[in-house]
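Next comes upload.cif, a file with mmCIF, C-alpha atoms.
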```cif
data_input
loop_
_atom_site.label_atom_id
_atom_site.label_comp_id
_atom_site.auth_asym_id
_atom_site.auth_seq_id
_atom_site.Cartn_x
_atom_site.Cartn_y
_atom_site.Cartn_z
CA MET X 29 42.40 24.76 57.63
CA LYS X 30 41.82 21.06 57.07
CA ILE X 31 39.17 19.78 54.66
CA MET X 32 37.61 16.34 54.97
CA VAL X 33 36.02 14.76 51.89
CA THR X 34 34.03 11.55 51.59
CA VAL X 35 34.67 9.21 48.62
CA LYS X 36 32.30 6.29 48.08
CA ARG X 37 32.99 3.10 46.11
CA VAL X 38 30.08 2.40 43.76
CA ILE X 39 29.35 0.44 40.60
CA ASP X 40 30.80 2.38 37.68
CA TYR X 41 28.29 4.70 36.05
CA ALA X 42 28.81 3.06 32.64
CA VAL X 43 27.95 -0.47 33.85
CA LYS X 44 24.51 -1.92 33.13
CA ILE X 45 22.99 -2.84 36.49
CA ARG X 46 21.64 -6.38 36.92
CA VAL X 47 19.30 -7.45 39.72
CA LYS X 48 20.17 -10.68 41.55
CA PRO X 49 17.90 -13.64 40.80
CA ASP X 50 16.68 -13.73 44.40
CA LYS X 51 15.94 -9.96 44.27
CA THR X 52 17.95 -9.22 47.40
CA GLY X 53 20.07 -6.59 45.65
CA VAL X 54 22.14 -5.98 42.53
CA VAL X 55 25.03 -8.01 41.16
CA THR X 56 28.41 -6.63 42.25
CA GLN X 57 30.71 -9.62 41.66
CA ASN X 58 33.08 -9.16 38.72
CA VAL X 59 31.58 -5.72 38.13
CA LYS X 60 33.71 -2.64 37.56
CA MET X 61 33.67 -0.32 40.58
CA SER X 62 34.77 3.30 40.74
CA MET X 63 34.51 6.46 42.80
CA ASN X 64 31.05 8.00 43.00
CA PRO X 65 30.98 10.87 40.44
CA PHE X 66 29.59 13.37 42.96
CA CYS X 67 32.41 12.43 45.35
CA GLU X 68 34.92 13.17 42.57
CA ILE X 69 33.44 16.67 42.30
CA ALA X 70 33.64 17.11 46.10
CA LEU X 71 37.29 16.04 46.13
CA GLU X 72 38.14 18.30 43.18
CA GLU X 73 36.63 21.29 44.98
CA ALA X 74 38.64 20.53 48.13
CA LEU X 75 41.84 20.27 46.08
CA ARG X 76 41.16 23.60 44.38
CA ILE X 77 40.58 25.26 47.74
CA ARG X 78 43.90 23.86 49.00
CA GLU X 79 45.72 24.95 45.85
CA SER X 80 44.38 28.48 46.29
CA GLY X 81 46.08 28.62 49.69
CA LEU X 82 42.88 28.60 51.74
CA ALA X 83 43.45 25.09 53.15
CA SER X 84 46.52 23.20 54.28
CA GLU X 85 45.36 19.58 54.03
CA VAL X 86 42.75 17.43 52.29
CA VAL X 87 41.75 14.16 53.97
CA ALA X 88 39.76 11.59 51.97
CA VAL X 89 37.42 9.22 53.86
CA SER X 90 35.83 6.01 52.61
CA MET X 91 33.69 3.44 54.40
CA GLY X 92 33.01 -0.16 53.47
CA PRO X 93 34.91 -3.38 52.67
CA SER X 94 38.66 -3.65 52.15
CA GLN X 95 38.29 -2.87 48.43
CA CYS X 96 37.45 0.73 49.39
CA VAL X 97 41.21 1.23 49.74
CA ASP X 98 41.37 1.24 45.93
CA THR X 99 38.92 4.13 45.86
CA LEU X 100 40.99 5.95 48.46
CA ARG X 101 44.14 5.41 46.39
CA THR X 102 42.35 7.02 43.46
CA GLY X 103 41.54 10.00 45.67
CA LEU X 104 45.14 10.19 46.85
CA ALA X 105 46.32 10.05 43.22
CA MET X 106 44.03 12.97 42.41
CA GLY X 107 45.81 14.96 45.12
CA ALA X 108 44.42 14.21 48.59
CA ASP X 109 47.12 14.27 51.28
CA ARG X 110 46.04 11.18 53.21
CA GLY X 111 43.17 8.78 53.60
CA ILE X 112 40.97 7.25 56.29
CA HIS X 113 39.29 3.89 55.76
CA VAL X 114 36.51 2.77 58.09
CA GLU X 115 36.28 -0.94 57.35
CA ALA X 116 32.81 -2.47 57.55
CA ASN X 117 31.26 -5.32 55.62
CA ASP X 118 27.69 -4.47 56.57
CA SER X 119 25.44 -2.28 54.44
CA MET X 120 26.28 1.36 55.08
CA TYR X 121 23.07 3.34 55.37
CA PRO X 122 23.15 7.19 55.44
CA LEU X 123 22.62 7.50 59.19
CA PHE X 124 25.48 5.06 59.90
CA VAL X 125 27.78 7.05 57.63
CA ALA X 126 26.72 10.32 59.26
CA LYS X 127 27.42 8.97 62.76
CA ILE X 128 30.85 7.68 61.70
CA LEU X 129 31.67 11.01 60.03
CA LYS X 130 30.70 12.83 63.22
CA LYS X 131 33.22 10.72 65.17
CA LEU X 132 35.93 11.31 62.56
CA VAL X 133 35.25 15.05 62.62
CA GLU X 134 35.72 15.02 66.39
CA ILE X 135 39.09 13.28 65.89
CA GLU X 136 40.37 15.23 62.87
CA LYS X 137 38.72 18.61 63.60
CA PRO X 138 38.40 19.81 59.98
CA GLY X 139 37.21 23.31 59.16
CA LEU X 140 35.12 22.10 56.24
CA LEU X 141 33.38 18.84 55.39
CA ILE X 142 32.57 18.31 51.69
CA LEU X 143 30.43 15.47 50.35
CA GLY X 144 28.86 14.61 47.03
CA LYS X 145 25.17 15.46 47.17
CA GLN X 146 24.26 11.79 46.63
CA ALA X 147 25.65 8.41 45.59
CA ILE X 148 24.61 6.93 42.25
CA ASP X 149 23.97 3.49 43.77
CA ASP X 150 21.26 4.30 46.33
CA ASP X 151 20.47 7.95 45.40
CA CYS X 152 19.63 8.64 49.06
CA ASN X 153 20.84 12.27 49.19
CA GLN X 154 20.70 12.22 53.00
CA THR X 155 24.19 11.86 54.49
CA GLY X 156 25.29 15.50 54.21
CA GLN X 157 22.12 16.78 55.83
CA MET X 158 22.26 14.16 58.59
CA VAL X 159 25.88 14.81 59.54
CA ALA X 160 25.24 18.56 59.57
CA GLY X 161 22.39 17.95 61.99
CA LEU X 162 24.49 15.67 64.22
CA LEU X 163 27.35 18.18 64.29
CA ASN X 164 25.03 21.19 64.57
CA TRP X 165 26.98 22.79 61.70
CA PRO X 166 25.53 25.06 59.01
CA GLN X 167 25.03 23.34 55.66
CA GLY X 168 25.00 24.30 51.99
CA THR X 169 23.57 21.55 49.80
CA PHE X 170 23.61 21.18 45.99
CA ALA X 171 26.47 23.67 45.72
CA SER X 172 27.21 24.99 42.21
CA LYS X 173 29.75 27.57 43.46
CA VAL X 174 31.82 27.83 46.65
CA VAL X 175 33.82 30.87 47.77
CA LEU X 176 35.76 30.91 51.05
CA ASP X 177 36.77 33.95 53.08
CA LYS X 178 39.62 32.83 55.33
CA GLU X 179 39.71 36.05 57.36
CA LYS X 180 35.99 36.13 58.14
CA GLN X 181 35.84 32.31 58.38
CA VAL X 182 32.77 32.09 56.19
CA ALA X 183 31.86 30.20 53.03
CA THR X 184 29.53 31.65 50.39
CA VAL X 185 27.64 28.91 48.57
CA ASP X 186 25.48 29.22 45.47
CA ARG X 187 23.04 26.33 45.48
CA GLU X 188 20.60 25.22 42.82
CA VAL X 189 16.94 25.28 43.82
CA ASP X 190 13.75 24.73 41.83
CA ASP X 191 13.33 28.36 40.79
CA GLY X 192 16.98 29.40 40.31
CA ILE X 193 20.08 30.00 42.43
CA GLU X 194 20.05 30.59 46.17
CA THR X 195 23.11 32.13 47.84
CA LEU X 196 23.97 31.18 51.43
CA CYS X 197 26.64 32.53 53.74
CA LEU X 198 27.86 29.84 56.15
CA ASN X 199 30.02 30.28 59.22
CA LEU X 200 32.87 27.77 59.30
CA PRO X 201 33.09 24.94 60.18
CA ALA X 202 30.34 23.86 57.80
CA VAL X 203 29.06 21.00 55.65
CA ILE X 204 28.82 21.41 51.87
CA THR X 205 27.39 18.92 49.38
CA THR X 206 28.33 19.27 45.73
CA ASP X 207 26.23 19.35 42.58
CA LEU X 208 27.24 18.45 39.02
CA ARG X 209 27.95 21.97 37.79
CA LEU X 210 30.41 22.90 40.55
CA ASN X 211 33.53 21.80 38.64
CA GLN X 212 35.12 19.26 36.31
CA PRO X 213 37.19 16.67 38.24
CA ARG X 214 40.80 16.14 37.16
CA TYR X 215 42.32 12.89 35.99
CA ALA X 216 44.97 11.18 38.09
CA THR X 217 48.32 11.29 36.29
CA LEU X 218 50.72 8.34 36.27
CA PRO X 219 53.32 10.07 38.52
CA ASN X 220 50.61 10.92 41.04
CA ILE X 221 49.28 7.36 40.93
CA MET X 222 52.76 6.14 41.87
CA LYS X 223 53.06 8.74 44.65
CA ALA X 224 49.66 7.72 46.03
CA LYS X 225 51.02 4.28 46.91
CA SER X 226 53.19 5.83 49.63
CA LYS X 227 50.57 8.17 51.07
CA PRO X 228 49.20 7.07 54.47
CA ILE X 229 45.78 5.50 54.96
CA LYS X 230 44.60 5.22 58.55
CA LYS X 231 42.18 2.41 59.38
CA PHE X 232 39.29 2.34 61.82
CA THR X 233 36.34 0.10 62.50
CA PRO X 234 32.88 1.29 63.59
CA LYS X 235 33.49 -0.44 66.94
CA GLU X 236 36.71 1.52 67.49
CA LEU X 237 34.75 4.71 66.82
CA ASN X 238 32.02 3.55 69.22
CA VAL X 239 29.38 3.62 66.50
CA ASP X 240 26.68 0.94 66.43
CA ILE X 241 25.77 0.10 62.83
CA LYS X 242 22.88 -2.17 63.68
CA PRO X 243 20.51 -1.98 60.68
CA ASP X 244 17.39 0.12 61.16
CA LEU X 245 16.23 -0.43 57.58
CA GLU X 246 15.27 -3.59 55.76
CA ILE X 247 15.36 -4.02 51.98
CA VAL X 248 12.39 -6.23 51.20
CA GLU X 249 12.93 -6.64 47.47
CA VAL X 250 14.86 -5.12 44.59
CA THR X 251 13.19 -5.19 41.17
CA GLU X 252 13.94 -3.74 37.77
CA PRO X 253 11.77 -0.87 36.53
CA PRO X 254 9.10 -1.90 34.03
CA LYS X 255 10.32 -2.00 30.46
CA ARG X 256 9.05 0.82 28.28
CA LYS X 257 7.15 -0.02 25.12
CA SER X 258 8.88 0.88 21.89
CA GLY X 259 7.73 4.03 20.14
CA VAL X 260 5.96 4.23 16.79
CA LEU X 261 6.47 6.52 13.81
CA VAL X 262 3.57 8.64 12.61
CA SER X 263 3.20 10.23 9.22
CA SER X 264 1.42 13.42 10.23
CA VAL X 265 0.45 15.67 13.12
CA ASP X 266 -3.16 14.59 12.75
CA GLU X 267 -2.19 10.94 13.18
CA LEU X 268 -0.10 11.85 16.27
CA ILE X 269 -3.04 13.67 17.86
CA GLU X 270 -5.33 10.75 17.05
CA LYS X 271 -3.00 8.27 18.78
CA LEU X 272 -2.53 10.53 21.81
CA LYS X 273 -6.31 10.82 22.16
CA HIS X 274 -7.44 7.25 21.59
CA GLU X 275 -4.41 5.05 22.38
CA ALA X 276 -2.32 6.92 24.93
CA ASN X 277 -5.33 8.72 26.45
CA VAL X 278 -3.25 11.72 27.43
CA ILE X 279 -5.23 14.48 25.70
#
```
structure tokens encoding of this file:
Amino acid sequence: MKIMVTVKRVIDYAVKIRVKPDKTGVVTQNVKMSMNPFCEIALEEALRIRESGLASEVVAVSMGPSQCVDTLRTGLAMGADRGIHVEANDSMYPLFVAKILKKLVEIEKPGLLILGKQAIDDDCNQTGQMVAGLLNWPQGTFASKVVLDKEKQVATVDREVDDGIETLCLNLPAVITTDLRLNQPRYATLPNIMKAKSKPIKKFTPKELNVDIKPDLEIVEVTEPPKRKSGVLVSSVDELIEKLKHEANVI
């Protein structure tokens, strides 16, 4: 079985985000970029499935400008067998990504598609659900545990919901999106980083895949959240209650 995994290039989670002066977006020039943390978890899960003997190949996919190749190389250094880069300089909204993934699935024919549940830059949490709908595949979102049965061709997914854990049994092929508690991603070792340089990366464009990425969304303005007021120290419970009543007006 082949597993396809998406890896997105985003601003590193440790970087302080700055809004552009014209409020058209956030500053990305000279800013450290890295693989989306949820995508790292998705890739780690695919690698573990392959290492257990339940899959034969892991293919990493990234979409965006030419710099996405660096993200793919990181995925290849972690252990992916090969990469696919769909080069596009336009903004990649979830529906565009889902349509491109559908085309790539038709070409590659994987038995399992694993994505991070969301990206930390836009927090959309939509692509996995959209591509499952386009493919008409069963889906298990927010997975905290994945167990495959190769003989029965099913995947059992524990997913986190508001009131606990829900267990789903999915017929393969299927779409799974990963949550934080699924696993701990590995670090790429120096030997594997060197090996990754020789691993193949196939390139496509949306036009070659016959996908129209004409924007159907418009970002009107990007603004910073309002700054929170600093807290105050109180000397007693009575003083705290007094402030909550008469200043905060919450009780």
For range 73-75 of chain X, work out the shell of residues within 9 Å, counting all atoms listed in the file and skipping chain neighbours fewer than 2 positions away, then give it as a list in words.
-> Ile31, Met32, Val33, Glu68, Ile69, Ala70, Leu71, Ile77, Arg78, Glu79, Ser80, Ala83, Glu85, Val86, Met106, Gly107, Ala108, Leu140, Ile142, Val174, Thr206, Leu210, Asn211 and Pro213 of chain X
Hey, what's within 7 Å of range 130-138 of chain X if we count all atoms listed in the file and toss same-chain stuff fewer than 3 positions away? As an MDAnalysis selection string, please?
-> chainID X and resid 29:32 126:127 141 159 162:163 237
Store the residues picked out above in a file with C-alpha atoms, as a compact mmCIF listing (two decimals), in the coordinates of the input.
```txt
# COMPACT_ATOMS: atom_id res chain seq x y z
CA MET X 29 42.40 24.76 57.63
CA LYS X 30 41.82 21.06 57.07
CA ILE X 31 39.17 19.78 54.66
CA MET X 32 37.61 16.34 54.97
CA ALA X 126 26.72 10.32 59.26
CA LYS X 127 27.42 8.97 62.76
CA LEU X 141 33.38 18.84 55.39
CA VAL X 159 25.88 14.81 59.54
CA LEU X 162 24.49 15.67 64.22
CA LEU X 163 27.35 18.18 64.29
CA LEU X 237 34.75 4.71 66.82
```
Could you pull the residues within 12 Å of range 224-234 of chain X, counting all atoms listed in the file, minus those fewer than 6 positions along the same chain, as a count of residues only?
-> 49
Enclosing box along x, y and z for every listed atom of range 41-49 of chain X, padded 3 Å each side, centre and size in Å, one decimal, as AutoDock Vina command-line options:
```
--center_x 23.4 --center_y -4.5 --center_z 37.1 --size_x 16.9 --size_y 24.3 --size_z 14.9
```
Atom pair CA of Val203 in chain X + CA of Thr155 in chain X, distance 10.4 Å
Picked residues, the PyMOL selection byres ((chain X and resi 40) around 12), expected as a list in words | Lys36, Arg37, Val38, Ile39, Tyr41, Ala42, Val43, Lys44, Ile45, Thr56, Asn58, Val59, Lys60, Met61, Ser62, Met63, Asn64, Pro65, Thr99, Ala147, Ile148 and Asp149 of chain X
May I ask for the distance between CA of Ile204 in chain X and CA of Val185 in chain X, given in Å to one decimal place?
->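 Between CA of Ile204 in chain X and CA of Val185 in chain X the gap works out to 8.3 Å.
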Please measure the separation of CA of Leu143 in chain X and CA of Pro122 in chain X, giving the value in Å to one decimal.
->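 About the pair CA of Leu143 in chain X and CA of Pro122 in chain X: they are 12.1 Å apart.
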Nearest to Pro49 in chain X among X:Glu275, X:Glu252, X:Glu267, X:Asp190, with distances taken over all atoms listed in the file: which residue is it?
-> X:Glu252
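Take the PyMOL selection byres ((chain X and resi 249) around 12) and apply it to this file: it picks Val47, Lys48, Pro49, Asp50, Lys51, Thr52, Gly53, Val54, Glu246, Ile247, Val248, Val250, Thr251 and Glu252 of chain X.
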Can I get the selected residues back with C-alpha atoms, as a compact mmCIF listing (two decimals), keeping the file's coordinate frame?
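See selection-v4.txt below for the written result:
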```
# COMPACT_ATOMS: atom_id res chain seq x y z
CA VAL X 47 19.30 -7.45 39.72
CA LYS X 48 20.17 -10.68 41.55
CA PRO X 49 17.90 -13.64 40.80
CA ASP X 50 16.68 -13.73 44.40
CA LYS X 51 15.94 -9.96 44.27
CA THR X 52 17.95 -9.22 47.40
CA GLY X 53 20.07 -6.59 45.65
CA VAL X 54 22.14 -5.98 42.53
CA GLU X 246 15.27 -3.59 55.76
CA ILE X 247 15.36 -4.02 51.98
CA VAL X 248 12.39 -6.23 51.20
CA VAL X 250 14.86 -5.12 44.59
CA THR X 251 13.19 -5.19 41.17
CA GLU X 252 13.94 -3.74 37.77
```
Will you give me range 214-229 of chain X, written with all heavy atoms and laid out as a CSV table (one decimal), in the first residue's frame?
```
chain,number,residue,atom,x,y,z
X,214,ARG,N,9.8,12.4,14.7
X,214,ARG,CA,11.3,12.2,14.8
X,214,ARG,C,12.0,13.4,14.3
X,214,ARG,O,11.5,14.2,13.5
X,214,ARG,CB,11.7,10.9,14.1
X,214,ARG,CG,11.5,11.0,12.6
X,214,ARG,CD,11.6,9.7,11.9
X,214,ARG,NE,10.5,8.9,12.2
X,214,ARG,CZ,10.4,7.6,11.8
X,214,ARG,NH1,11.4,7.0,11.2
X,214,ARG,NH2,9.3,6.9,12.2
X,215,TYR,N,13.3,13.5,14.7
X,215,TYR,CA,14.2,14.5,14.1
X,215,TYR,C,14.9,13.8,12.9
X,215,TYR,O,15.2,12.6,12.9
X,215,TYR,CB,15.2,14.9,15.1
X,215,TYR,CG,14.6,15.8,16.2
X,215,TYR,CD1,14.4,15.2,17.5
X,215,TYR,CD2,14.3,17.1,16.0
X,215,TYR,CE1,13.8,16.0,18.5
X,215,TYR,CE2,13.8,17.9,17.0
X,215,TYR,CZ,13.5,17.3,18.2
X,215,TYR,OH,13.0,18.1,19.2
X,216,ALA,N,15.2,14.6,11.9
X,216,ALA,CA,16.0,14.2,10.8
X,216,ALA,C,17.5,14.1,11.1
X,216,ALA,O,18.1,15.1,11.6
X,216,ALA,CB,15.8,15.1,9.6
X,217,THR,N,18.1,12.9,11.0
X,217,THR,CA,19.5,12.8,11.3
X,217,THR,C,20.4,13.3,10.1
X,217,THR,O,19.9,13.4,9.0
X,217,THR,CB,19.9,11.3,11.6
X,217,THR,OG1,19.6,10.5,10.4
X,217,THR,CG2,19.0,10.8,12.7
X,218,LEU,N,21.6,13.6,10.4
X,218,LEU,CA,22.5,14.1,9.4
X,218,LEU,C,22.7,13.1,8.2
X,218,LEU,O,22.6,13.6,7.0
X,218,LEU,CB,23.9,14.5,10.0
X,218,LEU,CG,24.9,15.1,9.0
X,218,LEU,CD1,24.4,16.4,8.4
X,218,LEU,CD2,26.2,15.3,9.7
X,219,PRO,N,22.9,11.8,8.4
X,219,PRO,CA,23.0,10.9,7.3
X,219,PRO,C,21.7,10.9,6.4
X,219,PRO,O,21.8,10.9,5.2
X,219,PRO,CB,23.2,9.5,8.0
X,219,PRO,CG,23.8,9.8,9.3
X,219,PRO,CD,23.2,11.1,9.7
X,220,ASN,N,20.5,11.0,7.1
X,220,ASN,CA,19.3,11.0,6.3
X,220,ASN,C,19.1,12.3,5.6
X,220,ASN,O,18.5,12.4,4.5
X,220,ASN,CB,18.1,10.8,7.2
X,220,ASN,CG,18.0,9.3,7.7
X,220,ASN,OD1,18.5,8.4,7.0
X,220,ASN,ND2,17.4,9.1,8.8
X,221,ILE,N,19.6,13.4,6.1
X,221,ILE,CA,19.6,14.7,5.4
X,221,ILE,C,20.4,14.6,4.2
X,221,ILE,O,20.0,15.2,3.1
X,221,ILE,CB,20.1,15.8,6.4
X,221,ILE,CG1,19.1,16.1,7.5
X,221,ILE,CG2,20.3,17.1,5.6
X,221,ILE,CD1,19.6,17.0,8.5
X,222,MET,N,21.6,14.0,4.2
X,222,MET,CA,22.4,13.8,3.0
X,222,MET,C,21.7,12.9,2.0
X,222,MET,O,21.8,13.2,0.8
X,222,MET,CB,23.8,13.3,3.4
X,222,MET,CG,24.5,14.1,4.4
X,222,MET,SD,24.8,15.8,3.8
X,222,MET,CE,25.9,15.5,2.5
X,223,LYS,N,21.1,11.8,2.5
X,223,LYS,CA,20.4,10.9,1.6
X,223,LYS,C,19.2,11.6,0.9
X,223,LYS,O,18.9,11.3,-0.3
X,223,LYS,CB,19.9,9.7,2.3
X,223,LYS,CG,21.0,8.8,2.8
X,223,LYS,CD,20.4,7.6,3.6
X,223,LYS,CE,21.5,6.7,4.2
X,223,LYS,NZ,20.9,5.6,5.0
X,224,ALA,N,18.6,12.5,1.6
X,224,ALA,CA,17.4,13.2,1.1
X,224,ALA,C,17.7,14.0,-0.2
X,224,ALA,O,16.8,14.2,-1.0
X,224,ALA,CB,16.8,14.1,2.1
X,225,LYS,N,18.9,14.4,-0.3
X,225,LYS,CA,19.3,15.3,-1.5
X,225,LYS,C,19.2,14.5,-2.8
X,225,LYS,O,19.1,15.1,-3.9
X,225,LYS,CB,20.7,15.8,-1.3
X,225,LYS,CG,20.9,16.8,-0.1
X,225,LYS,CD,22.3,17.3,0.0
X,225,LYS,CE,22.4,18.3,1.1
X,225,LYS,NZ,23.8,18.8,1.3
X,226,SER,N,19.3,13.1,-2.7
X,226,SER,CA,19.3,12.3,-3.9
X,226,SER,C,17.9,11.7,-4.2
X,226,SER,O,17.7,11.0,-5.2
X,226,SER,CB,20.3,11.2,-3.9
X,226,SER,OG,20.1,10.4,-2.7
X,227,LYS,N,17.0,11.9,-3.2
X,227,LYS,CA,15.6,11.3,-3.4
X,227,LYS,C,14.9,12.2,-4.4
X,227,LYS,O,15.0,13.4,-4.5
X,227,LYS,CB,14.9,11.3,-2.1
X,227,LYS,CG,15.4,10.2,-1.1
X,227,LYS,CD,14.6,10.2,0.2
X,227,LYS,CE,15.1,9.1,1.1
X,227,LYS,NZ,14.3,9.0,2.3
X,228,PRO,N,14.0,11.5,-5.3
X,228,PRO,CA,13.4,12.3,-6.3
X,228,PRO,C,12.2,13.1,-5.9
X,228,PRO,O,11.5,12.8,-4.9
X,228,PRO,CB,12.8,11.1,-7.2
X,228,PRO,CG,12.7,10.0,-6.3
X,228,PRO,CD,13.7,10.1,-5.3
X,229,ILE,N,12.1,14.3,-6.5
X,229,ILE,CA,10.9,15.2,-6.3
X,229,ILE,C,10.3,15.5,-7.7
X,229,ILE,O,11.0,16.1,-8.5
X,229,ILE,CB,11.3,16.5,-5.6
X,229,ILE,CG1,11.8,16.2,-4.2
X,229,ILE,CG2,10.1,17.5,-5.5
X,229,ILE,CD1,12.3,17.5,-3.4
```
